[in-house]
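Enquirer: First the structure, which I've put down as structure tokens, then a few questions once you've had a look.
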Amino acid sequence: MSERTQVVQPPKHVAQPPPVIIPPDEDQTYDQIALRSYSLIQKIQGGLKYLWVRLRGGPMLVNMEVTHFCNARCDFCDFWKTERSGKLSDYDYIDAIRQLNPMAVTLTGGEPTINKQLPEVVRQIKSCSGYIYVGMVTHGSLMTMEKAAALWEAGIDQISISLNYVGSEHDEERGIEGLYDHLNTLIPQMAAHGINVILNTVVMRDNMDHIIPIAYKAREWGAKVSFSCYSDFKNGNVLHLIDPDHIDQVEQVIENLLALKPKLGNIISSDFFLRGIPDYFKNNIPSTCNVAGKWLVQLTPDGDIKPCPELPVSSHYSDFKSTTEPIVCDRCWYSCRGETEASLTFERVMELIGRL
Ligand SMILES: C[S@@+](CC[C@H](N)C(=O)[O-])C[C@H]1O[C@@H](n2cnc3c(N)ncnc32)[C@H](O)[C@@H]1O
Ligand code: SF4
Ligand code: SF4
């Protein structure tokens, strides 16, 4: 296994409450929350594109960084300190997407909603290839119902909103006052409009008691939830990693999530990914990464390619060549890594077909 930064013990005053275990309400049943409804032709196009990308050898997912600027203040990510950023008008991003021709594009950043032309960007990406699934991930502070509706009308397939806490701790984490209350109003409105809203929740030391409540809160809002794992690879902050003393808590939380998944019907993380979470925090995942630079690539606002969010630029998009050997790295269990691995398994394809 590759060398990982040593996990430091939390300062004495940081109390770690046990995870809140909310037993499933036996009397209540929930409908599965469906994806956007697709026509039979679109489903066939999607299936054929998936097979074609598999045979071609990737990339399956392009994380497209719209800007590196951000108006938040997270202590685990340094994008908000960015002083200079490229922008989409600096290069021919449609040519880049056409050449990479992935199954899915996620608009990300920095904070993507800083770009005011996003609906037009979505429209262009959707029409530049036969089938392409387009999503975005945002902290949501600049999102409004009007902007969300414009993105939906432009054809975006999902809007992911980051949420690591239920309540005002989320404002503190992001350094944005009133953010949780804003999301508490906005997300149910977006869901009621029919928009496919997915909460993006990072599992870390500080929020283990919020994981199950977030799944319920998402359900109450009419949203889905997708989990990811904290990594110190972004800016070296090890304080949010889960240390050996708290592994049993994360194992318990994951067991609860797996049990809740069929009941709530809105937890879209694969079983494969969820089961990998305790192993990741125990430094027990494979020491090689099979997806970075092959099935998953990061497109920067300058039109460069990085194999993944954390590795340096490897080429300009016009010179992109898929990585042929797995990269020796176990520094993250991000959903974009783990779910791309999962989506290559037969089990996951069947799970997705089931959802459609
Ligand atoms: C880099 S952000 C960009 C999009 C947007 N600014 C946001 O925060 O939603 C993309 C996702 O990465 C997550 N993230 C940021 N730093 C992370 C870290 N150190 N480990 C794991 N996930 C992280 C964020 O919570 C967010 O869901
Ligand atoms: S995680 Fe998102 S919101 Fe936080 S600093 Fe990074 S880009 Fe900004
Ligand atoms: S995606 Fe792969 S290469 Fe990139 S940080 Fe994660 S494990 Fe390492």
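Each chain in the structure tokens gets a letter, A, B, ..., in the order shown, and its residues are numbered from 1; ligands are numbered from 1 in order too.
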With only C-alpha atoms and all ligand atoms counted, collect every polymer residue having an atom within 12 Å of ligand 2; state the result as a PyMOL selection string.
Expert: chain A and resi 65-82+107-114+136-142+160-164+170-176+179+200-202+230-231+234-235+309
Enquirer: Take the residues from that selection and put them in a file with C-alpha atoms, as a PDB file, in the first residue's frame.
Expert:
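Full text of result_4.pdb as output:
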```pdb
ATOM      1  CA  GLU A  65     -14.091  22.390 -14.125  1.00  0.00           C
ATOM      2  CA  VAL A  66     -15.950  25.507 -15.203  1.00  0.00           C
ATOM      3  CA  THR A  67     -13.833  27.846 -13.047  1.00  0.00           C
ATOM      4  CA  HIS A  68     -11.426  27.581 -10.127  1.00  0.00           C
ATOM      5  CA  PHE A  69     -12.993  30.557  -8.332  1.00  0.00           C
ATOM      6  CA  CYS A  70     -15.243  29.939  -5.329  1.00  0.00           C
ATOM      7  CA  ASN A  71     -17.116  32.137  -2.847  1.00  0.00           C
ATOM      8  CA  ALA A  72     -17.083  29.605   0.042  1.00  0.00           C
ATOM      9  CA  ARG A  73     -14.455  29.102   2.769  1.00  0.00           C
ATOM     10  CA  CYS A  74     -14.055  25.329   3.288  1.00  0.00           C
ATOM     11  CA  ASP A  75     -11.008  24.295   5.320  1.00  0.00           C
ATOM     12  CA  PHE A  76     -10.556  21.070   3.306  1.00  0.00           C
ATOM     13  CA  CYS A  77     -10.323  22.611  -0.161  1.00  0.00           C
ATOM     14  CA  ASP A  78      -8.306  25.619  -1.361  1.00  0.00           C
ATOM     15  CA  PHE A  79     -10.262  26.691  -4.445  1.00  0.00           C
ATOM     16  CA  TRP A  80     -11.586  29.755  -2.611  1.00  0.00           C
ATOM     17  CA  LYS A  81      -7.997  31.050  -2.382  1.00  0.00           C
ATOM     18  CA  THR A  82      -7.669  31.035  -6.199  1.00  0.00           C
ATOM     19  CA  LEU A 107     -19.829  20.488 -14.362  1.00  0.00           C
ATOM     20  CA  THR A 108     -17.763  21.326 -11.314  1.00  0.00           C
ATOM     21  CA  GLY A 109     -15.179  23.781 -10.047  1.00  0.00           C
ATOM     22  CA  GLY A 110     -14.377  25.750  -7.948  1.00  0.00           C
ATOM     23  CA  GLU A 111     -17.966  26.835  -7.810  1.00  0.00           C
ATOM     24  CA  PRO A 112     -19.571  26.288 -11.237  1.00  0.00           C
ATOM     25  CA  THR A 113     -22.572  28.573 -10.626  1.00  0.00           C
ATOM     26  CA  ILE A 114     -20.192  31.555 -10.755  1.00  0.00           C
ATOM     27  CA  MET A 136     -23.316  19.492 -12.015  1.00  0.00           C
ATOM     28  CA  VAL A 137     -22.156  19.792  -8.431  1.00  0.00           C
ATOM     29  CA  THR A 138     -22.586  23.028  -6.516  1.00  0.00           C
ATOM     30  CA  HIS A 139     -22.650  24.258  -2.929  1.00  0.00           C
ATOM     31  CA  GLY A 140     -25.924  25.929  -3.894  1.00  0.00           C
ATOM     32  CA  SER A 141     -25.511  29.365  -2.308  1.00  0.00           C
ATOM     33  CA  LEU A 142     -25.875  31.155  -5.667  1.00  0.00           C
ATOM     34  CA  SER A 160     -26.009  17.730  -7.118  1.00  0.00           C
ATOM     35  CA  ILE A 161     -25.884  19.946  -4.051  1.00  0.00           C
ATOM     36  CA  SER A 162     -23.184  19.432  -1.432  1.00  0.00           C
ATOM     37  CA  LEU A 163     -24.485  18.890   2.099  1.00  0.00           C
ATOM     38  CA  ASN A 164     -22.399  17.530   4.964  1.00  0.00           C
ATOM     39  CA  HIS A 170     -23.171  23.295   7.362  1.00  0.00           C
ATOM     40  CA  ASP A 171     -22.965  27.126   7.239  1.00  0.00           C
ATOM     41  CA  GLU A 172     -19.886  27.004   9.476  1.00  0.00           C
ATOM     42  CA  GLU A 173     -18.202  24.387   7.297  1.00  0.00           C
ATOM     43  CA  ARG A 174     -18.751  26.391   4.106  1.00  0.00           C
ATOM     44  CA  GLY A 175     -18.280  29.831   5.677  1.00  0.00           C
ATOM     45  CA  ILE A 176     -21.602  30.959   4.191  1.00  0.00           C
ATOM     46  CA  LEU A 179     -26.686  28.460   3.549  1.00  0.00           C
ATOM     47  CA  ASN A 200     -23.540  15.105  -2.320  1.00  0.00           C
ATOM     48  CA  THR A 201     -22.427  14.122   1.154  1.00  0.00           C
ATOM     49  CA  VAL A 202     -18.818  13.563   2.197  1.00  0.00           C
ATOM     50  CA  TYR A 230     -13.145  12.671   2.799  1.00  0.00           C
ATOM     51  CA  SER A 231      -9.598  12.879   1.405  1.00  0.00           C
ATOM     52  CA  LYS A 234      -6.946  18.050  -1.707  1.00  0.00           C
ATOM     53  CA  ASN A 235      -5.081  20.380   0.622  1.00  0.00           C
ATOM     54  CA  PRO A 309      -9.164  15.893  -9.414  1.00  0.00           C
TER      55      PRO A 309
END
```
Enquirer: Just want the residues within 8 Å of ligand 3, written as a list of chain:residue names, counting only C-alpha atoms and all ligand atoms.
Expert: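 For ligand 3, the residues inside 8 Å are A:Phe233, A:Thr288, A:Cys289, A:Asn290, A:Val291, A:Ala292, A:Leu296, A:Pro307, A:Cys308, A:Pro309, A:Glu310, A:Leu311, A:Ile327, A:Val328, A:Cys329, A:Asp330, A:Arg331, A:Cys332, A:Trp333, A:Tyr334, A:Cys336, A:Arg337.
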Enquirer: Those residues you just picked out, can you put them in a file as a tab-separated table (two decimals), in the first residue's frame with C-alpha atoms?
Expert:
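Resulting contents of again_17.tsv:
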```tsv
chain	number	residue	atom	x	y	z
A	233	PHE	CA	-5.15	14.82	-0.75
A	288	THR	CA	-3.65	0.93	-7.44
A	289	CYS	CA	-6.35	3.09	-8.97
A	290	ASN	CA	-7.87	1.68	-12.15
A	291	VAL	CA	-10.01	4.63	-13.15
A	292	ALA	CA	-7.89	7.83	-13.06
A	296	LEU	CA	-12.31	9.19	-15.28
A	307	PRO	CA	-6.08	12.05	-14.62
A	308	CYS	CA	-8.29	12.89	-11.61
A	309	PRO	CA	-9.16	15.89	-9.41
A	310	GLU	CA	-5.93	15.65	-7.41
A	311	LEU	CA	-3.22	14.67	-9.87
A	327	ILE	CA	-1.84	4.50	-11.21
A	328	VAL	CA	-0.26	3.60	-7.87
A	329	CYS	CA	-2.45	5.63	-5.51
A	330	ASP	CA	-4.99	4.96	-2.76
A	331	ARG	CA	-5.41	8.53	-1.57
A	332	CYS	CA	-9.14	8.84	-2.16
A	333	TRP	CA	-12.40	6.98	-2.22
A	334	TYR	CA	-14.29	9.79	-3.93
A	336	CYS	CA	-16.30	9.73	-8.91
A	337	ARG	CA	-13.56	7.14	-8.42
```
Enquirer: Taking only region 5-200 of chain A into account, list the residues labelled helix (DSSP H, G or I) by DSSP (computed from the backbone), as number ranges by chain.
Expert: A: 40-56, 79-81, 88-90, 93-100, 112-114, 118-127, 145-154, 169-174, 179-192
Enquirer: As a PyMOL selection string, please: the residues near Asp157 (chain A) (cut-off 8 Å, only C-alpha atoms, same-chain neighbours under 5 positions excluded).
Expert: chain A and resi 36+133-135+152+196
Enquirer: Would you put the residues from that selection into a file with N, CA and C atoms, as a PDB file, in the first residue's frame?
Expert:
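again_5.pdb was written with the following content:
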```
ATOM      1  N   ARG A  36     -34.686  11.208 -14.120  1.00  0.00           N
ATOM      2  CA  ARG A  36     -35.470  11.911 -15.135  1.00  0.00           C
ATOM      3  C   ARG A  36     -36.077  10.847 -16.046  1.00  0.00           C
ATOM      4  N   TYR A 133     -24.840  12.170 -20.622  1.00  0.00           N
ATOM      5  CA  TYR A 133     -25.537  12.495 -19.365  1.00  0.00           C
ATOM      6  C   TYR A 133     -24.805  13.673 -18.746  1.00  0.00           C
ATOM      7  N   VAL A 134     -25.536  14.762 -18.436  1.00  0.00           N
ATOM      8  CA  VAL A 134     -24.872  15.965 -17.903  1.00  0.00           C
ATOM      9  C   VAL A 134     -25.389  16.279 -16.506  1.00  0.00           C
ATOM     10  N   GLY A 135     -24.468  16.418 -15.576  1.00  0.00           N
ATOM     11  CA  GLY A 135     -24.814  16.821 -14.213  1.00  0.00           C
ATOM     12  C   GLY A 135     -23.938  17.971 -13.774  1.00  0.00           C
ATOM     13  N   TRP A 152     -32.611  23.002 -15.962  1.00  0.00           N
ATOM     14  CA  TRP A 152     -33.442  21.819 -16.241  1.00  0.00           C
ATOM     15  C   TRP A 152     -34.020  21.900 -17.649  1.00  0.00           C
ATOM     16  N   ASN A 196     -34.175  16.582 -10.910  1.00  0.00           N
ATOM     17  CA  ASN A 196     -33.472  15.465 -10.283  1.00  0.00           C
ATOM     18  C   ASN A 196     -32.374  16.037  -9.370  1.00  0.00           C
TER      19      ASN A 196
END
```
Enquirer: Considering only C-alpha atoms, can you say which of A:Ile198, A:Pro278, A:Phe272, A:Tyr91 comes closest to Asp248 (chain A)?
Expert: A:Pro278
Enquirer: At a cut-off of 8 Å, using only C-alpha atoms, what residues contact Arg205 (chain A)? Leave out same-chain residues fewer than 3 positions from it and give the result as a ChimeraX atom specification.
Expert: /A:208,239-243,246
Enquirer: Please list as JSON, numbers by chain every residue within 7 Å of Met64 (chain A), counting only C-alpha atoms and excluding residues in the same chain fewer than 6 positions away.
Expert: {"A": [105, 106, 107, 108, 298, 299, 300]}
Enquirer: Mind dumping the selected residues with N, CA and C atoms as a CSV table (one decimal), in the first residue's frame?
Expert:
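out-v3.csv, written as the output of this step:
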```csv
chain,number,residue,atom,x,y,z
A,105,VAL,N,-20.8,13.9,-18.2
A,105,VAL,CA,-20.0,15.1,-17.9
A,105,VAL,C,-20.6,15.7,-16.6
A,106,THR,N,-19.7,16.0,-15.7
A,106,THR,CA,-20.1,16.7,-14.5
A,106,THR,C,-19.5,18.1,-14.5
A,107,LEU,N,-20.3,19.1,-14.5
A,107,LEU,CA,-19.8,20.5,-14.4
A,107,LEU,C,-19.5,20.7,-12.9
A,108,THR,N,-18.2,21.1,-12.7
A,108,THR,CA,-17.8,21.3,-11.3
A,108,THR,C,-16.8,22.5,-11.3
A,298,GLN,N,-10.3,14.7,-15.6
A,298,GLN,CA,-10.7,16.0,-15.1
A,298,GLN,C,-10.2,17.0,-16.2
A,299,LEU,N,-11.2,17.8,-16.6
A,299,LEU,CA,-10.9,18.8,-17.7
A,299,LEU,C,-10.8,20.2,-17.0
A,300,THR,N,-9.7,20.9,-17.0
A,300,THR,CA,-9.5,22.1,-16.2
A,300,THR,C,-10.1,23.3,-17.0
```
Enquirer: Determine the nearest neighbour of ligand 1 from the options A:Asp232, A:Asp302, A:Asp319, A:Glu341, counting only C-alpha atoms and all ligand atoms.
Expert: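 The closest residue to ligand 1 is A:Asp232.
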Enquirer: Point out the residue among A:Gly178, A:Tyr38, A:Val225, A:Gln117 with the least atom-to-atom distance to ligand 1, counting only C-alpha atoms and all ligand atoms.
Expert: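 Selected residue with least distance to ligand 1: A:Val225.
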Enquirer: Could you check how far CA of Val313 (chain A) sits from CA of Asn115 (chain A), in Å to one decimal?
Expert: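 Value for the CA of Val313 (chain A)-CA of Asn115 (chain A) distance: 22.6 Å.
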Enquirer: Could you pull the residues within 10 Å of Ile211 (chain A), counting only C-alpha atoms, minus those fewer than 3 positions along the same chain, as a PDB file with N, CA and C atoms, in the first residue's frame?
Expert:
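Below is the file that was written, result_7.pdb:
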```
ATOM      1  N   PRO A  19     -22.865   7.794  16.524  1.00  0.00           N
ATOM      2  CA  PRO A  19     -23.796   8.058  15.429  1.00  0.00           C
ATOM      3  C   PRO A  19     -25.241   7.884  15.892  1.00  0.00           C
ATOM      4  N   VAL A  20     -26.092   8.745  15.384  1.00  0.00           N
ATOM      5  CA  VAL A  20     -27.511   8.602  15.726  1.00  0.00           C
ATOM      6  C   VAL A  20     -28.062   7.463  14.889  1.00  0.00           C
ATOM      7  N   ILE A  21     -28.603   6.485  15.538  1.00  0.00           N
ATOM      8  CA  ILE A  21     -29.123   5.341  14.799  1.00  0.00           C
ATOM      9  C   ILE A  21     -30.637   5.433  14.790  1.00  0.00           C
ATOM     10  N   LEU A 163     -23.920  18.694   0.751  1.00  0.00           N
ATOM     11  CA  LEU A 163     -24.485  18.890   2.099  1.00  0.00           C
ATOM     12  C   LEU A 163     -23.825  17.892   3.052  1.00  0.00           C
ATOM     13  N   ASN A 164     -23.093  18.415   4.019  1.00  0.00           N
ATOM     14  CA  ASN A 164     -22.399  17.530   4.964  1.00  0.00           C
ATOM     15  C   ASN A 164     -23.007  17.532   6.356  1.00  0.00           C
ATOM     16  N   TYR A 165     -23.916  18.452   6.618  1.00  0.00           N
ATOM     17  CA  TYR A 165     -24.563  18.531   7.936  1.00  0.00           C
ATOM     18  C   TYR A 165     -26.019  18.926   7.775  1.00  0.00           C
ATOM     19  N   VAL A 166     -26.855  18.461   8.678  1.00  0.00           N
ATOM     20  CA  VAL A 166     -28.222  18.970   8.775  1.00  0.00           C
ATOM     21  C   VAL A 166     -28.177  20.094   9.807  1.00  0.00           C
ATOM     22  N   THR A 201     -22.836  14.082  -0.247  1.00  0.00           N
ATOM     23  CA  THR A 201     -22.427  14.122   1.154  1.00  0.00           C
ATOM     24  C   THR A 201     -21.105  13.405   1.354  1.00  0.00           C
ATOM     25  N   VAL A 202     -20.152  14.118   1.948  1.00  0.00           N
ATOM     26  CA  VAL A 202     -18.818  13.563   2.197  1.00  0.00           C
ATOM     27  C   VAL A 202     -18.806  12.951   3.607  1.00  0.00           C
ATOM     28  N   VAL A 203     -18.482  11.674   3.701  1.00  0.00           N
ATOM     29  CA  VAL A 203     -18.374  11.019   5.013  1.00  0.00           C
ATOM     30  C   VAL A 203     -17.011  11.379   5.607  1.00  0.00           C
ATOM     31  N   MET A 204     -17.026  11.934   6.814  1.00  0.00           N
ATOM     32  CA  MET A 204     -15.774  12.317   7.464  1.00  0.00           C
ATOM     33  C   MET A 204     -15.929  12.233   8.976  1.00  0.00           C
ATOM     34  N   ASN A 207     -18.889  14.341  10.792  1.00  0.00           N
ATOM     35  CA  ASN A 207     -20.330  14.337  10.474  1.00  0.00           C
ATOM     36  C   ASN A 207     -20.959  12.949  10.498  1.00  0.00           C
ATOM     37  N   MET A 208     -20.333  12.004  11.198  1.00  0.00           N
ATOM     38  CA  MET A 208     -20.875  10.636  11.178  1.00  0.00           C
ATOM     39  C   MET A 208     -22.285  10.568  11.765  1.00  0.00           C
ATOM     40  N   ILE A 214     -29.184  12.894   7.175  1.00  0.00           N
ATOM     41  CA  ILE A 214     -29.166  13.497   5.828  1.00  0.00           C
ATOM     42  C   ILE A 214     -29.983  12.646   4.848  1.00  0.00           C
ATOM     43  N   ALA A 215     -29.859  11.310   4.976  1.00  0.00           N
ATOM     44  CA  ALA A 215     -30.636  10.445   4.069  1.00  0.00           C
ATOM     45  C   ALA A 215     -32.139  10.681   4.265  1.00  0.00           C
ATOM     46  N   TYR A 216     -32.552  10.801   5.532  1.00  0.00           N
ATOM     47  CA  TYR A 216     -33.978  11.076   5.814  1.00  0.00           C
ATOM     48  C   TYR A 216     -34.369  12.473   5.341  1.00  0.00           C
ATOM     49  N   LYS A 217     -33.480  13.443   5.569  1.00  0.00           N
ATOM     50  CA  LYS A 217     -33.786  14.825   5.170  1.00  0.00           C
ATOM     51  C   LYS A 217     -33.940  14.913   3.650  1.00  0.00           C
ATOM     52  N   PHE A 227     -23.106   9.394  -1.543  1.00  0.00           N
ATOM     53  CA  PHE A 227     -22.040   9.592  -0.555  1.00  0.00           C
ATOM     54  C   PHE A 227     -20.665   9.529  -1.208  1.00  0.00           C
ATOM     55  N   VAL A 250     -17.962   4.340  11.883  1.00  0.00           N
ATOM     56  CA  VAL A 250     -18.256   4.438  10.450  1.00  0.00           C
ATOM     57  C   VAL A 250     -18.801   3.100   9.948  1.00  0.00           C
ATOM     58  N   VAL A 253     -22.443   3.062  10.826  1.00  0.00           N
ATOM     59  CA  VAL A 253     -23.211   3.980   9.969  1.00  0.00           C
ATOM     60  C   VAL A 253     -23.438   3.354   8.587  1.00  0.00           C
ATOM     61  N   ILE A 254     -22.403   2.724   8.051  1.00  0.00           N
ATOM     62  CA  ILE A 254     -22.540   2.124   6.710  1.00  0.00           C
ATOM     63  C   ILE A 254     -23.531   0.950   6.743  1.00  0.00           C
ATOM     64  N   ASN A 256     -26.048   0.721   8.688  1.00  0.00           N
ATOM     65  CA  ASN A 256     -27.380   1.343   8.758  1.00  0.00           C
ATOM     66  C   ASN A 256     -27.818   1.866   7.387  1.00  0.00           C
ATOM     67  N   LEU A 257     -26.860   2.468   6.669  1.00  0.00           N
ATOM     68  CA  LEU A 257     -27.200   2.994   5.337  1.00  0.00           C
ATOM     69  C   LEU A 257     -27.609   1.869   4.395  1.00  0.00           C
TER      70      LEU A 257
END
```
Enquirer: For region 97-102 of chain A, please output as a PDB file with C-alpha atoms, in the first residue's frame all residues within 12 Å (counting only C-alpha atoms; exclusion window: fewer than 4 positions along the same chain).
Expert:
```pdb
ATOM      1  CA  GLY A  46     -27.552   5.261 -23.489  1.00  0.00           C
ATOM      2  CA  LYS A  49     -23.049   4.420 -25.798  1.00  0.00           C
ATOM      3  CA  TYR A  50     -22.108   2.604 -22.574  1.00  0.00           C
ATOM      4  CA  LEU A  51     -21.046  -0.480 -24.513  1.00  0.00           C
ATOM      5  CA  TRP A  52     -19.143   1.638 -27.038  1.00  0.00           C
ATOM      6  CA  VAL A  53     -17.247   3.567 -24.311  1.00  0.00           C
ATOM      7  CA  ARG A  54     -16.419   0.268 -22.558  1.00  0.00           C
ATOM      8  CA  ARG A  56     -13.128   1.975 -26.583  1.00  0.00           C
ATOM      9  CA  GLY A  57     -11.578   1.937 -23.083  1.00  0.00           C
ATOM     10  CA  GLY A  58     -12.973   5.210 -21.671  1.00  0.00           C
ATOM     11  CA  PRO A  59     -13.338   7.870 -20.550  1.00  0.00           C
ATOM     12  CA  MET A  60     -16.680   7.129 -18.908  1.00  0.00           C
ATOM     13  CA  LEU A  61     -16.831  10.384 -16.881  1.00  0.00           C
ATOM     14  CA  VAL A  62     -15.372  13.848 -17.493  1.00  0.00           C
ATOM     15  CA  ASN A  63     -15.348  16.225 -14.523  1.00  0.00           C
ATOM     16  CA  MET A  64     -15.390  19.572 -16.289  1.00  0.00           C
ATOM     17  CA  TYR A  91     -10.690  27.179 -25.188  1.00  0.00           C
ATOM     18  CA  ASP A  92     -13.076  25.223 -27.414  1.00  0.00           C
ATOM     19  CA  TYR A  93     -14.771  23.151 -24.718  1.00  0.00           C
ATOM     20  CA  THR A 106     -20.146  16.703 -14.475  1.00  0.00           C
ATOM     21  CA  LEU A 107     -19.829  20.488 -14.362  1.00  0.00           C
ATOM     22  CA  VAL A 121     -23.160  25.378 -21.779  1.00  0.00           C
ATOM     23  CA  VAL A 122     -25.500  22.498 -20.867  1.00  0.00           C
ATOM     24  CA  GLN A 124     -24.331  22.793 -26.200  1.00  0.00           C
ATOM     25  CA  ILE A 125     -22.908  19.746 -24.431  1.00  0.00           C
ATOM     26  CA  LYS A 126     -26.213  17.861 -24.657  1.00  0.00           C
ATOM     27  CA  SER A 127     -26.389  18.417 -28.403  1.00  0.00           C
ATOM     28  CA  CYS A 128     -22.743  17.739 -29.266  1.00  0.00           C
ATOM     29  CA  SER A 129     -22.961  13.950 -28.947  1.00  0.00           C
ATOM     30  CA  GLY A 130     -25.617  11.269 -29.587  1.00  0.00           C
ATOM     31  CA  TYR A 131     -26.026  10.453 -25.891  1.00  0.00           C
ATOM     32  CA  ILE A 132     -24.403  12.244 -22.998  1.00  0.00           C
ATOM     33  CA  TYR A 133     -25.537  12.495 -19.365  1.00  0.00           C
ATOM     34  CA  VAL A 134     -24.872  15.965 -17.903  1.00  0.00           C
ATOM     35  CA  GLY A 293      -6.758   8.918 -16.518  1.00  0.00           C
ATOM     36  CA  LYS A 294      -8.717   6.145 -18.205  1.00  0.00           C
ATOM     37  CA  TRP A 295     -12.368   5.860 -17.165  1.00  0.00           C
ATOM     38  CA  LEU A 296     -12.308   9.192 -15.283  1.00  0.00           C
ATOM     39  CA  VAL A 297     -10.614  12.439 -16.360  1.00  0.00           C
ATOM     40  CA  GLN A 298     -10.654  16.022 -15.086  1.00  0.00           C
ATOM     41  CA  LEU A 299     -10.861  18.846 -17.652  1.00  0.00           C
ATOM     42  CA  GLY A 303      -8.551  22.940 -21.457  1.00  0.00           C
ATOM     43  CA  ILE A 305      -6.463  17.131 -18.687  1.00  0.00           C
ATOM     44  CA  HIS A 316      -3.850  19.330 -23.212  1.00  0.00           C
ATOM     45  CA  TYR A 317      -7.213  17.786 -24.166  1.00  0.00           C
ATOM     46  CA  SER A 318      -6.173  17.729 -27.831  1.00  0.00           C
ATOM     47  CA  ASP A 319      -3.246  15.418 -26.929  1.00  0.00           C
ATOM     48  CA  PHE A 320      -5.190  13.237 -24.474  1.00  0.00           C
ATOM     49  CA  LYS A 321      -4.145   9.611 -24.383  1.00  0.00           C
ATOM     50  CA  SER A 322      -5.793   7.189 -22.008  1.00  0.00           C
TER      51      SER A 322
END
```
Enquirer: To one decimal in Å, tell me the separation between CA of Thr340 (chain A) and atom 13 (C, counted along the ligand's line) of ligand 1.
Expert: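 Between CA of Thr340 (chain A) and atom 13 (C, counted along the ligand's line) of ligand 1 the gap works out to 16.3 Å.
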Enquirer: With distances taken over only C-alpha atoms and all ligand atoms, which residue among A:Lys282, A:Gly236, A:Asp90, A:Glu220 lies nearest ligand 1?
Expert: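 Closest to ligand 1, using only C-alpha atoms and all ligand atoms: A:Gly236.
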Enquirer: From the DSSP assignment of the backbone, select every residue of region 284-319 of chain A that is strand (DSSP E), and format the answer as a ChimeraX atom specification.
Expert: /A:288-289,296-299,304-306,315-316
Enquirer: With only C-alpha atoms and all ligand atoms as the atoms that count, which of A:Ser314, A:Ser287, A:Ser270, A:Ser228 lies nearest to ligand 1?
Expert: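 Of A:Ser314, A:Ser287, A:Ser270, A:Ser228, the one nearest ligand 1, counting only C-alpha atoms and all ligand atoms, is A:Ser228.
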